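Inspection log for the structure reproduced underneath, given as structure tokens.
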There are 2 protein chains.
Amino acid sequence: MKAAIITIGTEILIGSILNSNSKFLSERLSELGVHVSYHISVRDDHDELLDQIKMINDRVDIIFLCGGLGPTADDITKQVLAEFLNRKLVLDDYQYNKLKKRFEERNRTMTENNLRQVYVIESSNVLDNNWGIAPGEYIEQEDKKYFLFPGPPKEFEPMVDTYLKNILKNDNEIIIKSLNVAGLGESRVEDAIRKLNLEEPNISINTFAKFYDTEVKIIAEGQDAKYLNKKVQSIIDALYATFKNNLYAEDNINLSKTLMNKLLEKNLNISFAESITGGLLSSMLTGEAGASNVMKNSIVTYSDIAKIKMLGVNKDTIERYGAVSQQTAYEMAKGLKDINLSDICVSVTGEAGPIKSETDIGTVYVCYYYDDDNYEVKKYFFRGSRKEIQQRTADSIMLHLIFNL
Amino acid sequence: MKAAIITIGTEILIGSILNSNSKFLSERLSELGVHVSYHISVRDDHDELLDQIKMINDRVDIIFLCGGLGPTADDITKQVLAEFLNRKLVLDDYQYNKLKKRFEERNRTMTENNLRQVYVIESSNVLDNNWGIAPGEYIEQEDKKYFLFPGPPKEFEPMVDTYLKNILKNDNEIIIKSLNVAGLGESRVEDAIRKLNLEEPNISINTFAKFYDTEVKIIAEGQDAKYLNKKVQSIIDALYATFKNNLYAEDNINLSKTLMNKLLEKNLNISFAESITGGLLSSMLTGEAGASNVMKNSIVTYSDIAKIKMLGVNKDTIERYGAVSQQTAYEMAKGLKDINLSDICVSVTGEAGPIKSETDIGTVYVCYYYDDDNYEVKKYFFRGSRKEIQQRTADSIMLHLIFNL
């Protein structure tokens with residue numbers, strides 16, 4: 001099956017936002033064995049959208065229309081598709097009552113504009129939106145499939161994940177497995193995998209470079225579920241054996257969640273004394289549900305005086321060795337440990353730039369402090385912009401902890 | 001002038017990479033007054049690309065073809081455009097010698113494949129690539145303009161910046177201005193603007209919903225610079241008057257940078273005592289270059305014991321009123337102020353979920369503490385996922401500070 005993804009929104013055409021929906025949907029469609037032939041983006045313009053639907057309709061089996069389902073006058077996607085399919089727009093009672101209730105609960109008045117969002121194309125399958133207001137729709141007409149999805153990614157992504165698989169299911173068994181490898185470049189990972197000679201006609205293994213890691217994605221498709229499962233498992237085993245020191249997670253579970261799970265499993269808790277990362281480590285970890293079980297406190301010491309006053313770092317240490325030094329990192333971690341609220345204390349000090357201080361931009365010292373007889377100070381060096389250096393610092397610390405706890 | 005951007009590359013269609021080139025080029029074209037009507041992405045497929053060029057050629061004045069200029073067999077962009085324009089590919093002597101020298105310098109042997117990259121479309125204007133190998137090209141034929149650019153962003157972006165402005169220079173004056181409005185939904189902002197009746201034939205005003213705010217973008221184009229400037233300024237004045245309590249920044253300067261600038265301007269520094277936000281406020285602020293001038297320290301107290309031990313919150317207060325209460329928020333902020341490292345202390349405690357505690361998910365208390373006689377505790381309520389509640393909490397605190405410092 002061939003598909004076209006049409007995104008509607010002037011903000012994409014004037015370069016205000018990245019078209020992340022097309023990427024997201026393409027990834028999901030590839031996993032379902034659908035061949036995406038075209039991405040097309042048009043403005044909120046009736047004639048141009050209609051023209052593009054007419055042009056692409058003969059070339060594909062499925063058309064996705066994403067965006068332009070909002071309440072304002074320039075949201076025209078639904079109207080244009082209805083016109084193309086020669087169907088009417090009708091008020092959907094369920095959606096109307098749901099919206100009415102929503103406004104009542106929030107003590108707000110429903111406007112004429114809001115009502116536009118509860119009209120749907122007649123005889124369509126309405127896809128309920130639990131993450132926002134505008135419902136999605138799915139229509140079959142003359143052997144073709146048409147989908148309407150709202151544009152905001154926080155509505156679009158869960159709706160795609162909720163509805164697509166069931167509607168586009170195919171008779172084949174499809175197994176998808178991702179393994180996350182960190183600390184090696186994508187080309188080294190790809191090289192190592194190629195040498196293993198693991199591919200088969202109906203099993204593909206692809207690598208995708210992410211910010212701090214490489215995703216290895218295995219997709220197997222076929223009739224014999226038992227055979228496929230066995231094959232995929234043997235590939236996973238081979239990859240674990242090859243990347244034993246770098247394969248840190250499966251199925252794109254992120255670093256902070258992986259770290260949290262590891263801490264929970266070992267029944268340990270952690271605190272951070274953050275200078276260069278300024279709260280990023282704590283924020284990443286507390287972004288995960290359940291983080292209160294593994295972190296009670298952290299301290300952001302973004303100045304010499306804070307390091308001295310809040311962590312008991314020696315003023316002489318900073319004067320003699322500098323705020324960015326292994327000595328300062330050690331004293332920060334020890335001071336945090338002395339507060340006595342956690343098993344593992346991690347301190348980090350470094351220079352993120354953009355203005356060079358006495359230390360080179362990108363230099364980072366981290367002290368991993370378990371107890372007075374068990375700690376290590378590591379020096380790192382990262383390239384990139386200020387925010388990239390901060391993010392790479394936090395990622396590397398989490399990775400180190402995941403592999404060493 | 002109307003333009004279409006066609007990006008060529010299977011990796012985009014399978015969702016492996018984001019189409020950042022189309023965003024980058026669209027931004028630049030908007031600034032040059034070129035109306036981008038279409039983004040199209042196709043695979044490395046001769047027939048599909050040729051088909052798309054044929055379809056779009058009548059609809060625009062300029063076609064940009066990005067990517068597919070590499071040395072391998074699946075790089076077909078140049079060949080397809082030559083075929084469409086009915087021109088030959090010819091060896092470019094200058095590019096040939098440049099490539100030959102490059103290989104000699106690196107002691108590498110040039111292959112047949114590499115030679116493909118120094119063939120250009122006959123009579124085209126070759127755009128030298130100083131950031132990689134494949135040259136770009138610019139062709140005029142029958143009142144239409146065609147551009148070829150290599151796909152890798154680190155070659156694509158500097159080439160666009162080097163060549164585009166000179167080729168597409170326009171006699172008109174173009175003024176672009178963005179205003180950022182927070183705390184109102186996009187539809188309310190759009191509504192209010194429509195009622196002001198500010199649009200003119202050559203001045204457009206568009207609104208774009210962002211995560212926590214609405215961008216109002218004014219684009220004016222015409223011959224009379226003085227008149228346009230005056231008109232745009234009067235629109236800006238009208239918008240400031242209308243959104244006086246919500247217009248917090250111009251030209252998409254983000255919340256944390258706006259807050260930092262405000263603190264610098266007033267010569268104040270700030271500390272956060274973070275419970276529900278877990279380090280997010282500190283992390284947002286320290287992500288900005290120069291943050292060390294406005295923040296010396298912060299504390300993440302992600303447990304009752306940390307609030308008691310590190311901020312001196314009374315155990316009785318937590319037992320009697322709860323950790324999520326105005327009393328606890330007040331004592332957290334006062335405890336932070338007592339550490340005596342900053343002018344403004346902001347504490348925040350709340351329930352982010354996903355599991356309901358004694359407090360409803362989304363309930364947040366914030367204490368803004370300036371000194372013992374000058375503080376306020378505010379209660380907020382936010383909807384959304386855990387991370388959304390954390391982000392909205394942080395955004396709302398920054399907004400409150402920006403408007404009240």
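Here's how to read the names in the structure tokens: chain A, B, ... by the order shown, residue numbers from 1 in each chain, ligand numbers from 1 in the order shown.
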
Set out as a tab-separated table a contact list for chain B and chain A with a cut-off of 7 Å, giving each residue of chain B that qualifies its closest atom pair and distance in Å to one decimal, counting only C-alpha atoms, ordered by chain and rising residue number.
residue	atom	partner	partner_atom	distance
B:Leu13	CA	A:Val36	CA	5.8
B:Ile14	CA	A:Ser26	CA	5.2
B:Gly15	CA	A:Lys23	CA	4.3
B:Ser16	CA	A:Phe208	CA	6.6
B:Ile17	CA	A:Lys23	CA	6.9
B:Leu18	CA	A:Lys23	CA	6.0
B:Asn19	CA	A:Asn19	CA	6.9
B:Ser20	CA	A:Leu18	CA	6.5
B:Lys23	CA	A:Gly15	CA	4.3
B:Phe24	CA	A:Gly15	CA	6.3
B:Ser26	CA	A:Gly15	CA	4.6
B:Glu27	CA	A:Gly15	CA	4.4
B:Ser30	CA	A:Ile14	CA	5.9
B:Val36	CA	A:Leu13	CA	5.8
B:Ser37	CA	A:Val42	CA	6.1
B:Tyr38	CA	A:Val42	CA	5.2
B:His39	CA	A:Ser41	CA	4.8
B:Ile40	CA	A:Ile40	CA	4.5
B:Ser41	CA	A:His39	CA	4.9
B:Val42	CA	A:Tyr38	CA	5.3
B:Arg43	CA	A:Ser37	CA	6.6
B:Ser187	CA	A:Thr72	CA	6.9
B:Phe208	CA	A:Glu11	CA	6.9
B:Gly278	CA	A:Ser283	CA	5.1
B:Gly279	CA	A:Ser283	CA	4.5
B:Leu280	CA	A:Ser283	CA	4.9
B:Ser282	CA	A:Gly279	CA	5.3
B:Ser283	CA	A:Gly279	CA	4.4
B:Thr286	CA	A:Gly278	CA	5.4
B:Gly287	CA	A:Lys387	CA	6.1
B:Ala289	CA	A:Pro354	CA	6.7
B:Ser292	CA	A:Tyr302	CA	6.3
B:Met295	CA	A:Tyr302	CA	6.7
B:Lys296	CA	A:Tyr302	CA	4.8
B:Asn297	CA	A:Thr301	CA	4.7
B:Ser298	CA	A:Val300	CA	4.9
B:Ile299	CA	A:Ile299	CA	4.6
B:Val300	CA	A:Ser298	CA	4.9
B:Thr301	CA	A:Asn297	CA	4.7
B:Tyr302	CA	A:Lys296	CA	4.8
B:Ser303	CA	A:Lys296	CA	5.0
B:Ala306	CA	A:Asn297	CA	5.9
B:Pro354	CA	A:Ala289	CA	6.6
B:Lys387	CA	A:Gly287	CA	6.0

After fitting chain B to chain A over every Cα pair taken in order, the RMSD: 4.1 Å

Strand (DSSP E or B) per DSSP on the backbone: members of region 24-225 of chain B, as a ChimeraX atom specification: /B:35-42,62-66,89-91,119-121,125-127,136-141,144-149,173-182,200,203-209,213-222

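If you measure from each of A:Leu115, A:Asn314, A:Val80, A:Leu148 to Leu127 (chain A) using only C-alpha atoms, the closest one turns out to be A:Leu148.
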
Nearby residues (only C-alpha atoms) at most 6 Å from Glu122 (chain B), same-chain spacing under 3 positions excluded, as a PyMOL selection string: chain B and resi 88-90

Neighbour list for Ala73 (chain A) as a list in words, cut-off 10 Å, only C-alpha atoms, skip fewer than 4 positions in-chain: Asp44, Gly68, Asn113 and Arg116 of chain A

Spatial neighbours of Val216 (chain A), 10 Å, only C-alpha atoms, chain gap at least 4 places, as a ChimeraX atom specification: /A:177-181,186,189-190,193,205-209,236,239,247,250-252

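Going from CA of Lys195 (chain A) to CA of Phe403 (chain A) covers 25.4 Å.
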
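Comparing the minimum interatomic distances between Val60 (chain B) and each of B:Lys217, B:Lys2, B:Lys78, B:Lys356, counting only C-alpha atoms, we find that B:Lys2 sits nearest.
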
Sel. of helix (DSSP H, G or I) residues, region 92-161 of chain A, as an NGL selection string: :A and (93-105 or 112-118 or 153-161)

Dump N, CA, C and O atoms for the selected residues as a tab-separated table (two decimals), in the first residue's frame?
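Output file result-v6.tsv follows:
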chain	number	residue	atom	x	y	z
A	93	ASP	N	-23.38	14.41	17.32
A	93	ASP	CA	-24.00	14.64	18.63
A	93	ASP	C	-23.06	14.32	19.79
A	93	ASP	O	-22.97	15.07	20.75
A	94	TYR	N	-22.38	13.19	19.67
A	94	TYR	CA	-21.49	12.78	20.76
A	94	TYR	C	-20.41	13.83	20.99
A	94	TYR	O	-20.14	14.25	22.11
A	95	GLN	N	-19.79	14.28	19.88
A	95	GLN	CA	-18.72	15.27	19.99
A	95	GLN	C	-19.28	16.61	20.51
A	95	GLN	O	-18.63	17.32	21.27
A	96	TYR	N	-20.50	16.94	20.09
A	96	TYR	CA	-21.11	18.19	20.54
A	96	TYR	C	-21.32	18.17	22.05
A	96	TYR	O	-20.97	19.12	22.76
A	97	ASN	N	-21.86	17.07	22.55
A	97	ASN	CA	-22.13	16.99	23.99
A	97	ASN	C	-20.84	16.98	24.81
A	97	ASN	O	-20.77	17.56	25.89
A	98	LYS	N	-19.84	16.31	24.26
A	98	LYS	CA	-18.55	16.25	24.94
A	98	LYS	C	-17.93	17.66	25.05
A	98	LYS	O	-17.43	18.07	26.10
A	99	LEU	N	-18.03	18.42	23.95
A	99	LEU	CA	-17.46	19.77	23.95
A	99	LEU	C	-18.25	20.68	24.89
A	99	LEU	O	-17.67	21.49	25.63
A	100	LYS	N	-19.58	20.53	24.85
A	100	LYS	CA	-20.45	21.36	25.70
A	100	LYS	C	-20.10	21.14	27.17
A	100	LYS	O	-19.95	22.08	27.95
A	101	LYS	N	-19.92	19.88	27.52
A	101	LYS	CA	-19.58	19.52	28.90
A	101	LYS	C	-18.23	20.12	29.29
A	101	LYS	O	-18.05	20.64	30.39
A	102	ARG	N	-17.29	20.04	28.36
A	102	ARG	CA	-15.95	20.56	28.61
A	102	ARG	C	-16.00	22.05	28.94
A	102	ARG	O	-15.36	22.54	29.86
A	103	PHE	N	-16.82	22.79	28.15
A	103	PHE	CA	-16.92	24.23	28.38
A	103	PHE	C	-17.63	24.50	29.70
A	103	PHE	O	-17.26	25.42	30.43
A	104	GLU	N	-18.66	23.72	30.00
A	104	GLU	CA	-19.39	23.91	31.26
A	104	GLU	C	-18.47	23.70	32.46
A	104	GLU	O	-18.45	24.48	33.39
A	105	GLU	N	-17.67	22.64	32.38
A	105	GLU	CA	-16.75	22.32	33.48
A	105	GLU	C	-15.78	23.45	33.74
A	105	GLU	O	-15.34	23.68	34.87
A	112	GLU	N	-19.36	30.41	18.39
A	112	GLU	CA	-19.71	29.87	17.06
A	112	GLU	C	-18.52	29.12	16.47
A	112	GLU	O	-18.66	28.04	15.90
A	113	ASN	N	-17.32	29.70	16.66
A	113	ASN	CA	-16.10	29.07	16.15
A	113	ASN	C	-15.88	27.68	16.72
A	113	ASN	O	-15.51	26.76	16.01
A	114	ASN	N	-16.09	27.54	18.03
A	114	ASN	CA	-15.85	26.24	18.66
A	114	ASN	C	-16.75	25.16	18.05
A	114	ASN	O	-16.34	24.02	17.89
A	115	LEU	N	-17.97	25.57	17.70
A	115	LEU	CA	-18.92	24.62	17.12
A	115	LEU	C	-18.41	23.99	15.83
A	115	LEU	O	-18.74	22.85	15.51
A	116	ARG	N	-17.60	24.75	15.09
A	116	ARG	CA	-17.04	24.22	13.83
A	116	ARG	C	-16.31	22.91	14.06
A	116	ARG	O	-16.23	22.07	13.16
A	117	GLN	N	-15.77	22.73	15.26
A	117	GLN	CA	-14.94	21.55	15.51
A	117	GLN	C	-15.74	20.27	15.73
A	117	GLN	O	-15.16	19.19	15.73
A	118	VAL	N	-17.05	20.37	15.94
A	118	VAL	CA	-17.82	19.14	16.17
A	118	VAL	C	-18.64	18.73	14.94
A	118	VAL	O	-19.47	17.84	15.01
A	153	PRO	N	1.18	18.25	17.82
A	153	PRO	CA	1.82	16.95	18.05
A	153	PRO	C	1.34	16.23	19.31
A	153	PRO	O	1.24	15.02	19.31
A	154	LYS	N	0.99	16.98	20.35
A	154	LYS	CA	0.57	16.28	21.57
A	154	LYS	C	-0.84	15.68	21.44
A	154	LYS	O	-1.25	14.88	22.27
A	155	GLU	N	-1.57	16.06	20.40
A	155	GLU	CA	-2.81	15.35	20.07
A	155	GLU	C	-2.56	14.34	18.94
A	155	GLU	O	-3.03	13.22	18.97
A	156	PHE	N	-1.79	14.79	17.95
A	156	PHE	CA	-1.53	13.98	16.77
A	156	PHE	C	-0.87	12.64	17.11
A	156	PHE	O	-1.32	11.58	16.68
A	157	GLU	N	0.20	12.70	17.90
A	157	GLU	CA	0.98	11.48	18.16
A	157	GLU	C	0.19	10.41	18.90
A	157	GLU	O	0.16	9.26	18.45
A	158	PRO	N	-0.47	10.75	20.04
A	158	PRO	CA	-1.24	9.67	20.69
A	158	PRO	C	-2.41	9.18	19.84
A	158	PRO	O	-2.77	8.00	19.91
A	159	MET	N	-2.99	10.05	19.01
A	159	MET	CA	-4.11	9.59	18.18
A	159	MET	C	-3.61	8.60	17.12
A	159	MET	O	-4.24	7.57	16.88
A	160	VAL	N	-2.49	8.91	16.49
A	160	VAL	CA	-1.91	7.97	15.53
A	160	VAL	C	-1.64	6.63	16.22
A	160	VAL	O	-2.00	5.56	15.71
A	161	ASP	N	-1.03	6.71	17.41
A	161	ASP	CA	-0.70	5.47	18.11
A	161	ASP	C	-1.94	4.69	18.56
A	161	ASP	O	-1.92	3.47	18.65
